[in-house]
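Visitor: Just target.txt, nothing more (compact mmCIF, C-alpha atoms):
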```
# COMPACT_ATOMS: atom_id res chain seq x y z
CA MET N 1 -11.41 21.62 23.86
CA SER N 2 -13.15 20.72 20.61
CA VAL N 3 -12.52 17.31 19.10
CA LEU N 4 -10.14 17.21 16.16
CA ARG N 5 -12.30 15.25 13.71
CA ALA N 6 -10.15 15.29 10.53
CA ASP N 7 -6.78 13.84 11.48
CA VAL N 8 -3.67 12.76 9.60
CA LEU N 9 -1.05 10.14 10.41
CA GLY N 10 2.19 11.94 9.74
CA SER N 11 4.24 11.25 6.66
CA LEU N 12 3.55 12.62 3.20
CA LEU N 13 5.15 11.73 -0.11
CA ARG N 14 8.54 13.41 -0.42
CA PRO N 15 8.69 15.72 -3.45
CA GLU N 16 11.12 14.64 -6.14
CA TYR N 17 13.21 17.79 -5.61
CA LEU N 18 13.69 16.83 -1.93
CA ARG N 19 14.68 13.25 -2.71
CA ARG N 20 17.15 14.51 -5.30
CA ALA N 21 18.58 17.10 -2.89
CA ARG N 22 19.20 14.46 -0.23
CA VAL N 23 21.20 12.40 -2.72
CA ASP N 24 23.12 15.52 -3.80
CA ARG N 25 23.84 16.48 -0.18
CA ASP N 26 25.11 12.99 0.65
CA ALA N 27 27.34 13.10 -2.44
CA GLY N 28 28.76 16.47 -1.43
CA GLN N 29 27.24 18.28 -4.41
CA ILE N 30 25.29 20.74 -2.22
CA ASP N 31 26.07 21.93 1.29
CA GLN N 32 23.96 21.42 4.41
CA ALA N 33 22.68 25.00 4.45
CA THR N 34 21.33 24.66 0.92
CA PHE N 35 19.77 21.31 1.77
CA LYS N 36 18.01 22.83 4.79
CA GLN N 37 16.45 25.50 2.59
CA ILE N 38 15.11 22.76 0.32
CA GLU N 39 13.74 20.87 3.34
CA ASP N 40 12.01 24.07 4.49
CA ARG N 41 10.39 24.42 1.07
CA ALA N 42 9.08 20.84 1.30
CA VAL N 43 7.63 21.47 4.78
CA ASP N 44 5.92 24.65 3.55
CA GLN N 45 4.40 22.64 0.72
CA ALA N 46 3.22 19.93 3.16
CA VAL N 47 1.55 22.52 5.38
CA ALA N 48 -0.23 24.12 2.43
CA LEU N 49 -1.44 20.72 1.19
CA GLN N 50 -2.93 19.69 4.52
CA GLU N 51 -4.47 23.04 5.37
CA GLY N 52 -5.85 23.30 1.86
CA ALA N 53 -7.57 19.93 2.34
CA GLY N 54 -9.27 21.22 5.49
CA LEU N 55 -7.64 18.98 8.10
CA ASP N 56 -8.06 19.92 11.77
CA VAL N 57 -4.49 19.01 12.72
CA ILE N 58 -1.37 18.70 10.56
CA THR N 59 2.24 17.49 10.65
CA ASP N 60 5.33 18.65 8.79
CA GLY N 61 4.94 15.56 6.58
CA GLU N 62 8.08 14.07 8.17
CA MET N 63 9.99 15.82 5.39
CA ARG N 64 13.16 16.02 7.47
CA ARG N 65 13.25 12.26 8.11
CA VAL N 66 14.41 9.25 6.15
CA GLY N 67 11.96 7.08 8.09
CA PHE N 68 9.23 7.53 10.69
CA ALA N 69 11.43 6.07 13.47
CA ASP N 70 14.53 8.18 12.86
CA GLN N 71 14.58 9.19 16.54
CA LEU N 72 15.58 5.59 17.29
CA TRP N 73 17.83 4.51 14.44
CA GLY N 74 19.04 7.87 13.25
CA ALA N 75 19.76 9.72 16.47
CA ILE N 76 21.20 7.29 19.02
CA ASN N 77 24.58 5.84 19.88
CA GLY N 78 25.07 2.15 20.56
CA LEU N 79 24.29 0.78 17.09
CA VAL N 80 26.51 -0.83 14.50
CA HIS N 81 25.82 -0.82 10.77
CA VAL N 82 24.96 -4.22 9.32
CA GLU N 83 25.61 -5.18 5.71
CA GLN N 84 22.50 -6.27 3.85
CA HIS N 85 23.50 -9.94 3.65
CA GLU N 86 23.82 -10.04 7.46
CA ALA N 87 20.81 -7.88 8.30
CA ALA N 88 17.60 -9.10 9.87
CA SER N 89 14.92 -9.23 7.21
CA VAL N 90 11.34 -8.02 7.70
CA PRO N 91 8.83 -9.38 5.14
CA PHE N 92 6.23 -7.00 3.70
CA TYR N 93 3.28 -8.44 1.81
CA GLY N 94 1.48 -7.13 -1.24
CA ALA N 95 -1.80 -7.94 -2.95
CA GLU N 96 -0.11 -10.84 -4.76
CA PRO N 97 2.82 -13.02 -3.64
CA SER N 98 4.85 -11.58 -6.50
CA ASP N 99 4.45 -8.14 -4.85
CA ASP N 100 6.11 -9.18 -1.59
CA LEU N 101 9.23 -7.32 -0.47
CA ALA N 102 11.81 -7.74 2.26
CA PHE N 103 13.16 -4.83 4.26
CA ALA N 104 16.68 -5.31 5.57
CA VAL N 105 17.19 -3.70 9.00
CA PRO N 106 20.50 -1.88 8.52
CA ALA N 107 21.71 -1.80 12.14
CA ARG N 108 21.71 -3.67 15.43
CA VAL N 109 22.23 -2.72 19.07
CA VAL N 110 25.66 -3.66 20.41
CA GLU N 111 26.13 -1.14 23.26
CA ARG N 112 23.96 0.71 25.74
CA ILE N 113 22.03 3.28 23.75
CA SER N 114 22.29 7.03 24.33
CA ARG N 115 21.15 10.15 22.55
CA LYS N 116 23.16 11.80 19.79
CA ARG N 117 20.75 14.68 19.29
CA MET N 118 17.12 15.76 19.39
CA LEU N 119 15.37 15.43 16.05
CA THR N 120 11.83 16.69 16.51
CA VAL N 121 12.72 20.02 18.12
CA GLU N 122 13.78 21.41 14.72
CA GLU N 123 10.68 19.92 13.09
CA PHE N 124 8.25 21.56 15.50
CA ALA N 125 10.09 24.86 15.90
CA TYR N 126 9.88 25.42 12.15
CA VAL N 127 6.40 24.16 11.35
CA ARG N 128 4.64 25.90 14.25
CA GLY N 129 5.54 29.22 12.64
CA ARG N 130 4.02 28.17 9.33
CA ALA N 131 0.76 26.53 10.43
CA ARG N 132 -2.64 28.09 11.05
CA VAL N 133 -4.11 24.95 12.64
CA PRO N 134 -2.82 22.71 15.47
CA VAL N 135 0.45 20.91 14.73
CA LYS N 136 1.15 17.30 15.72
CA VAL N 137 4.59 15.70 16.01
CA THR N 138 5.05 11.95 15.58
CA LEU N 139 7.41 9.82 17.69
CA PRO N 140 8.06 6.07 17.48
CA SER N 141 7.16 3.60 20.16
CA PRO N 142 10.24 2.67 22.21
CA MET N 143 9.48 -0.97 21.48
CA MET N 144 10.36 -0.34 17.84
CA LEU N 145 13.87 -1.10 19.10
CA PHE N 146 12.86 -4.75 18.85
CA LEU N 147 13.95 -4.62 15.21
CA LEU N 148 17.48 -3.71 16.33
CA TRP N 149 17.65 -6.33 19.05
CA SER N 150 19.82 -9.39 18.38
CA SER N 151 19.84 -12.24 20.88
CA GLU N 152 23.36 -13.03 19.65
CA HIS N 153 24.92 -9.56 19.47
CA SER N 154 22.93 -7.34 21.86
CA ARG N 155 23.15 -9.35 25.09
CA PRO N 156 26.57 -7.99 26.19
CA ALA N 157 24.83 -4.60 26.46
CA TYR N 158 21.34 -5.79 27.46
CA ARG N 159 20.67 -9.17 29.03
CA ASP N 160 16.97 -8.63 28.47
CA PRO N 161 15.42 -6.82 25.47
CA PHE N 162 12.99 -5.07 27.82
CA GLU N 163 15.97 -3.32 29.41
CA LEU N 164 16.67 -1.93 25.95
CA PHE N 165 13.06 -0.84 25.57
CA ALA N 166 13.26 0.91 28.98
CA ASP N 167 16.19 3.00 27.74
CA GLY N 168 14.10 3.77 24.66
CA VAL N 169 11.29 5.02 26.92
CA THR N 170 13.71 7.50 28.51
CA LEU N 171 14.87 8.84 25.15
CA ILE N 172 11.41 9.18 23.61
CA ARG N 173 9.91 10.74 26.73
CA GLU N 174 12.76 13.27 26.82
CA GLU N 175 11.93 14.15 23.22
CA ALA N 176 8.25 14.57 24.12
CA ALA N 177 9.11 16.74 27.12
CA ALA N 178 11.34 18.97 24.99
CA LEU N 179 8.50 19.41 22.51
CA ALA N 180 6.09 20.31 25.30
CA GLU N 181 8.47 23.00 26.53
CA LEU N 182 8.33 24.55 23.06
CA GLY N 183 4.54 24.62 23.20
CA CYS N 184 3.71 21.43 21.28
CA GLN N 185 0.27 20.24 22.41
CA HIS N 186 -0.20 17.18 20.18
CA ILE N 187 2.12 14.17 20.00
CA GLN N 188 1.45 10.86 18.27
CA ILE N 189 3.24 7.64 19.23
CA ASP N 190 3.51 5.24 16.31
CA ALA N 191 3.34 1.63 17.50
CA PRO N 192 3.50 -0.85 14.63
CA ASP N 193 5.13 -3.14 17.18
CA LEU N 194 1.81 -3.54 19.01
CA GLY N 195 -0.33 -3.63 15.88
CA GLN N 196 1.72 -6.45 14.43
CA LEU N 197 1.03 -8.62 17.48
CA ALA N 198 -2.55 -9.03 16.28
CA ASP N 199 -1.07 -11.56 13.85
CA PRO N 200 -0.11 -15.02 15.23
CA ALA N 201 2.73 -15.26 12.71
CA GLN N 202 4.21 -12.05 14.09
CA ARG N 203 3.98 -13.36 17.64
CA GLU N 204 5.96 -16.38 16.52
CA ASP N 205 8.55 -14.08 14.96
CA TRP N 206 8.96 -12.18 18.24
CA GLU N 207 9.41 -15.47 20.09
CA ALA N 208 12.08 -16.48 17.57
CA ARG N 209 13.87 -13.18 18.28
CA GLY N 210 13.90 -14.01 21.97
CA ILE N 211 11.23 -11.44 22.88
CA SER N 212 8.09 -12.52 24.72
CA PRO N 213 4.95 -11.20 22.96
CA GLU N 214 2.98 -11.67 26.18
CA ARG N 215 5.41 -9.40 28.04
CA ALA N 216 5.15 -6.93 25.15
CA LEU N 217 1.37 -6.79 25.55
CA CYS N 218 1.57 -5.98 29.25
CA GLU N 219 5.00 -4.71 30.35
CA GLY N 220 5.67 -3.28 26.89
CA VAL N 221 2.34 -1.44 26.76
CA ASP N 222 3.06 0.03 30.19
CA MET N 223 6.36 1.33 28.82
CA ILE N 224 4.62 2.97 25.86
CA ASN N 225 2.05 4.46 28.23
CA ALA N 226 4.89 5.93 30.33
CA VAL N 227 6.13 7.88 27.29
CA ALA N 228 2.84 9.78 27.24
CA ASP N 229 3.17 11.07 30.80
CA VAL N 230 4.00 14.66 29.82
CA PRO N 231 1.66 17.38 31.14
CA GLY N 232 -0.14 19.69 28.75
CA VAL N 233 0.06 17.38 25.73
CA THR N 234 -2.72 15.47 23.97
CA PHE N 235 -1.25 12.08 23.10
CA SER N 236 -2.41 9.80 20.30
CA LEU N 237 -1.47 6.12 19.99
CA HIS N 238 -1.38 4.70 16.46
CA LEU N 239 -1.57 0.92 16.16
CA CYS N 240 -0.12 0.16 12.73
CA LYS N 241 0.31 -3.15 10.92
CA GLY N 242 3.19 -2.19 8.65
CA ASN N 243 3.56 0.34 5.85
CA PHE N 244 6.37 0.17 3.29
CA ARG N 245 5.91 0.84 -0.42
CA SER N 246 2.20 0.02 -0.06
CA ARG N 247 2.97 -3.34 1.56
CA TRP N 248 2.03 -4.52 5.03
CA ILE N 249 3.45 -6.83 7.69
CA ALA N 250 0.53 -8.15 9.71
CA SER N 251 -3.11 -9.18 9.48
CA GLY N 252 -5.66 -9.75 12.20
CA GLY N 253 -8.46 -8.02 14.05
CA TYR N 254 -7.85 -5.91 17.13
CA GLU N 255 -9.72 -8.42 19.28
CA ALA N 256 -6.43 -10.35 19.48
CA LEU N 257 -4.98 -7.61 21.69
CA SER N 258 -7.73 -5.15 22.63
CA LYS N 259 -8.45 -6.49 26.11
CA GLN N 260 -4.74 -6.57 26.99
CA VAL N 261 -3.78 -3.23 25.44
CA PHE N 262 -6.74 -0.87 25.69
CA SER N 263 -6.99 -1.09 29.49
CA ARG N 264 -3.32 -0.08 29.93
CA ILE N 265 -3.13 3.15 27.90
CA GLY N 266 -4.54 5.61 30.39
CA ASN N 267 -2.13 8.41 29.41
CA PHE N 268 -3.38 8.45 25.81
CA ASP N 269 -6.29 10.63 24.79
CA ARG N 270 -6.72 9.41 21.20
CA VAL N 271 -6.37 5.90 19.76
CA MET N 272 -5.74 5.70 16.01
CA LEU N 273 -6.67 2.38 14.42
CA GLU N 274 -6.21 1.15 10.85
CA TYR N 275 -9.53 0.17 9.33
CA ASP N 276 -8.94 0.47 5.61
CA ASP N 277 -9.51 -3.15 4.55
CA GLU N 278 -10.53 -6.61 5.70
CA ARG N 279 -7.15 -7.26 7.37
CA SER N 280 -8.26 -5.03 10.25
CA GLY N 281 -11.29 -7.10 11.20
CA SER N 282 -14.51 -5.73 12.69
CA PHE N 283 -15.22 -2.66 14.80
CA GLU N 284 -16.42 -4.80 17.71
CA PRO N 285 -13.12 -4.49 19.69
CA LEU N 286 -13.90 -0.77 20.08
CA ARG N 287 -16.13 -1.90 22.96
CA ASP N 288 -12.97 -2.68 24.93
CA LEU N 289 -11.77 0.92 24.88
CA PRO N 290 -12.27 3.07 28.00
CA ASP N 291 -15.06 5.57 27.57
CA ASP N 292 -12.75 8.58 27.96
CA LYS N 293 -10.96 8.00 24.63
CA ILE N 294 -11.36 9.49 21.18
CA VAL N 295 -11.14 6.79 18.52
CA VAL N 296 -9.67 7.90 15.20
CA LEU N 297 -10.81 5.56 12.44
CA GLY N 298 -8.18 5.12 9.71
CA LEU N 299 -10.69 4.53 6.92
CA VAL N 300 -8.89 6.12 3.96
CA SER N 301 -6.07 3.96 2.62
CA THR N 302 -2.67 5.38 1.77
CA LYS N 303 -1.64 2.24 -0.09
CA HIS N 304 -3.38 2.78 -3.45
CA ASP N 305 -4.69 5.51 -5.75
CA THR N 306 -8.37 4.58 -5.57
CA VAL N 307 -10.27 7.11 -3.48
CA GLU N 308 -12.90 5.62 -1.23
CA ALA N 309 -16.48 6.50 -2.16
CA PRO N 310 -18.24 8.93 0.21
CA GLU N 311 -21.15 6.57 0.77
CA GLU N 312 -18.73 3.76 1.65
CA LEU N 313 -16.99 5.95 4.23
CA ASP N 314 -20.29 7.14 5.68
CA ALA N 315 -21.40 3.54 6.12
CA ARG N 316 -18.14 2.63 7.85
CA VAL N 317 -18.54 5.45 10.39
CA ALA N 318 -22.14 4.39 11.04
CA GLU N 319 -20.97 0.80 11.61
CA ALA N 320 -18.24 1.90 14.04
CA ALA N 321 -20.78 4.01 15.94
CA ARG N 322 -22.61 0.81 16.86
CA PHE N 323 -19.69 -0.05 19.14
CA PHE N 324 -18.35 3.33 20.31
CA PRO N 325 -20.13 6.70 20.66
CA ARG N 326 -20.22 8.72 17.43
CA ASP N 327 -19.37 11.91 19.36
CA GLN N 328 -16.08 10.28 20.40
CA LEU N 329 -15.05 9.24 16.89
CA ALA N 330 -12.80 10.99 14.41
CA VAL N 331 -11.36 9.97 11.03
CA SER N 332 -8.00 9.88 9.30
CA THR N 333 -5.93 8.17 6.70
CA GLN N 334 -5.02 4.60 7.62
CA CYS N 335 -1.28 5.25 7.84
CA GLY N 336 1.33 7.61 6.47
CA PHE N 337 1.92 8.03 2.76
CA ALA N 338 5.67 7.53 3.16
CA SER N 339 6.67 5.83 6.40
CA ILE N 340 10.00 5.38 4.66
CA ALA N 341 11.14 8.21 2.37
CA VAL N 342 10.78 6.10 -0.78
CA GLY N 343 7.01 6.37 -0.26
CA ASN N 344 4.01 4.23 -1.07
CA ASP N 345 2.91 3.33 -4.59
CA ILE N 346 0.51 6.24 -4.84
CA SER N 347 0.53 9.47 -6.81
CA GLU N 348 0.73 12.96 -5.36
CA GLY N 349 -2.65 13.72 -6.92
CA ALA N 350 -4.24 10.75 -5.18
CA GLN N 351 -2.59 11.78 -1.91
CA GLU N 352 -4.32 15.17 -2.12
CA ARG N 353 -7.67 13.58 -2.97
CA LYS N 354 -7.33 11.20 -0.02
CA LEU N 355 -6.68 14.07 2.41
CA ASN N 356 -9.70 15.89 0.96
CA ALA N 357 -11.78 12.74 1.48
CA VAL N 358 -10.86 12.66 5.19
CA ALA N 359 -11.80 16.31 5.71
CA ASP N 360 -15.02 15.97 3.69
CA LEU N 361 -16.05 12.89 5.68
CA ALA N 362 -15.48 14.71 8.96
CA ALA N 363 -17.49 17.72 7.77
CA ARG N 364 -20.42 15.53 6.65
CA THR N 365 -20.45 13.52 9.86
CA TRP N 366 -19.98 16.16 12.56
CA SER N 367 -20.83 19.56 11.06
```
Could you take the file, read its structure, and then write that structure out as structure tokens?
Guide:
Amino acid sequence: MSVLRADVLGSLLRPEYLRRARVDRDAGQIDQATFKQIEDRAVDQAVALQEGAGLDVITDGEMRRVGFADQLWGAINGLVHVEQHEAASVPFYGAEPSDDLAFAVPARVVERISRKRMLTVEEFAYVRGRARVPVKVTLPSPMMLFLLWSSEHSRPAYRDPFELFADGVTLIREEAAALAELGCQHIQIDAPDLGQLADPAQREDWEARGISPERALCEGVDMINAVADVPGVTFSLHLCKGNFRSRWIASGGYEALSKQVFSRIGNFDRVMLEYDDERSGSFEPLRDLPDDKIVVLGLVSTKHDTVEAPEELDARVAEAARFFPRDQLAVSTQCGFASIAVGNDISEGAQERKLNAVADLAARTWS
């Protein structure tokens, strides 16, 4: 199988007509059937954008989702809604302190979790009939449930947060297996949980939540690896450090977790790493990856309008190739353009230019 060199992370900016339709649907001004037609239009547009850029693999842009992890907080039982003043707050940082934002987690786990419905089956079943290139579906890491864990309110259901994560493994693996039965051959697991643990401040936050970061980097990684045990599927693992309205959660090089994590992800074929700015550190931790992996370098930022210069991107690939074989590298955007439907602070025109930059870089490097 040829290597997919020009990759994409998942979410694209939601068109204004789709955002407006969701509001109208929720207000009862349009019915669900009409809304679904509008969603289909947005997916068609996302496919055309990515194929037009020349990417080797595409997604549906996550157009049917409110957030990238909807399979966990939009499709399970066992949660209770939390008012904003009571919600756990996740800080996101901008270029200046005045740019910082807080994201209020709107729910918490209070009962054993169970599935309401499959979400990605509809996504894949529709987009596979529209695409001319391989289609990838994104799923969240089961440890993303850490945001919904409350040491005060969740313990009647789960004495240990890792019991909660284990139930998450079951649900996400079932989703992956259902996709495989439909013919999906590419699945990406988004793991900002792991990426954040490169930052000592985030490790302290996990400890304060009553969750051991050391267990997360061994037992938790094994759980994520278990999700990818579905035959016939190429699995990618994306280590993210936060992406909300162009803000981020964590800083720190991958050396803080590479030796613990990279040796435990045997079921993953591709490892997708953010390398768009100095927060990501050096490429040296690539040496810790097993030699059977493809490393996808997230060199093109989705957080701002400025398009990276070709010579800058070429130099970054050459630098990475000092630590991992060039023939086992690929390139992508650093994260999604809209991990949450509100989207990053970037224009649709810049989004298209960024996708073009990824495809052009891949063509220059491996053609």
Visitor: My list of candidates is N:Val109, N:Leu361, N:Val233, N:Cys184. Which is closest to Ala309 in chain N when distances are computed with all atoms listed in the file?
Guide: N:Leu361
Visitor: Rounded to one decimal in Å, what is the spacing between CA of Asp205 in chain N and CA of Gly252 in chain N?
Guide: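 Separation of CA of Asp205 in chain N and CA of Gly252 in chain N: 15.1 Å.
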Visitor: For the interface of range 109-226 of chain N with range 263-272 of chain N (cut-off 12 Å, counting all atoms listed in the file), please tabulate each contacting residue of range 109-226 of chain N alongside its nearest pair of atoms and their separation in Å to one decimal, rows sorted by chain and increasing number, as CSV.
Guide:
```
residue,atom,partner,partner_atom,distance
N:Gln185,CA,N:Asp269,CA,11.9
N:His186,CA,N:Asp269,CA,10.1
N:Ile187,CA,N:Phe268,CA,9.8
N:Gln188,CA,N:Arg270,CA,8.8
N:Ile189,CA,N:Phe268,CA,9.4
N:Asp190,CA,N:Met272,CA,9.3
N:Ala191,CA,N:Met272,CA,10.1
N:Pro192,CA,N:Met272,CA,11.4
N:Gly195,CA,N:Met272,CA,10.8
N:Ala216,CA,N:Arg264,CA,11.9
N:Leu217,CA,N:Arg264,CA,9.3
N:Cys218,CA,N:Arg264,CA,7.7
N:Glu219,CA,N:Arg264,CA,9.5
N:Gly220,CA,N:Arg264,CA,10.0
N:Val221,CA,N:Arg264,CA,6.6
N:Asp222,CA,N:Arg264,CA,6.4
N:Met223,CA,N:Ile265,CA,9.7
N:Ile224,CA,N:Ile265,CA,8.0
N:Asn225,CA,N:Ile265,CA,5.4
N:Ala226,CA,N:Asn267,CA,7.5
```
Visitor: Which value, in Å to one decimal, gives the distance between CA of Leu299 in chain N and CA of Glu214 in chain N?
Guide: 28.6 Å
Visitor: From the set N:Phe262, N:Tyr126, N:Phe162, N:Phe235, which residue has the shortest atom-to-atom contact distance to Pro213 in chain N, counting only C-alpha atoms?
Guide: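 Among the listed residues, N:Phe162 lies closest to Pro213 in chain N.
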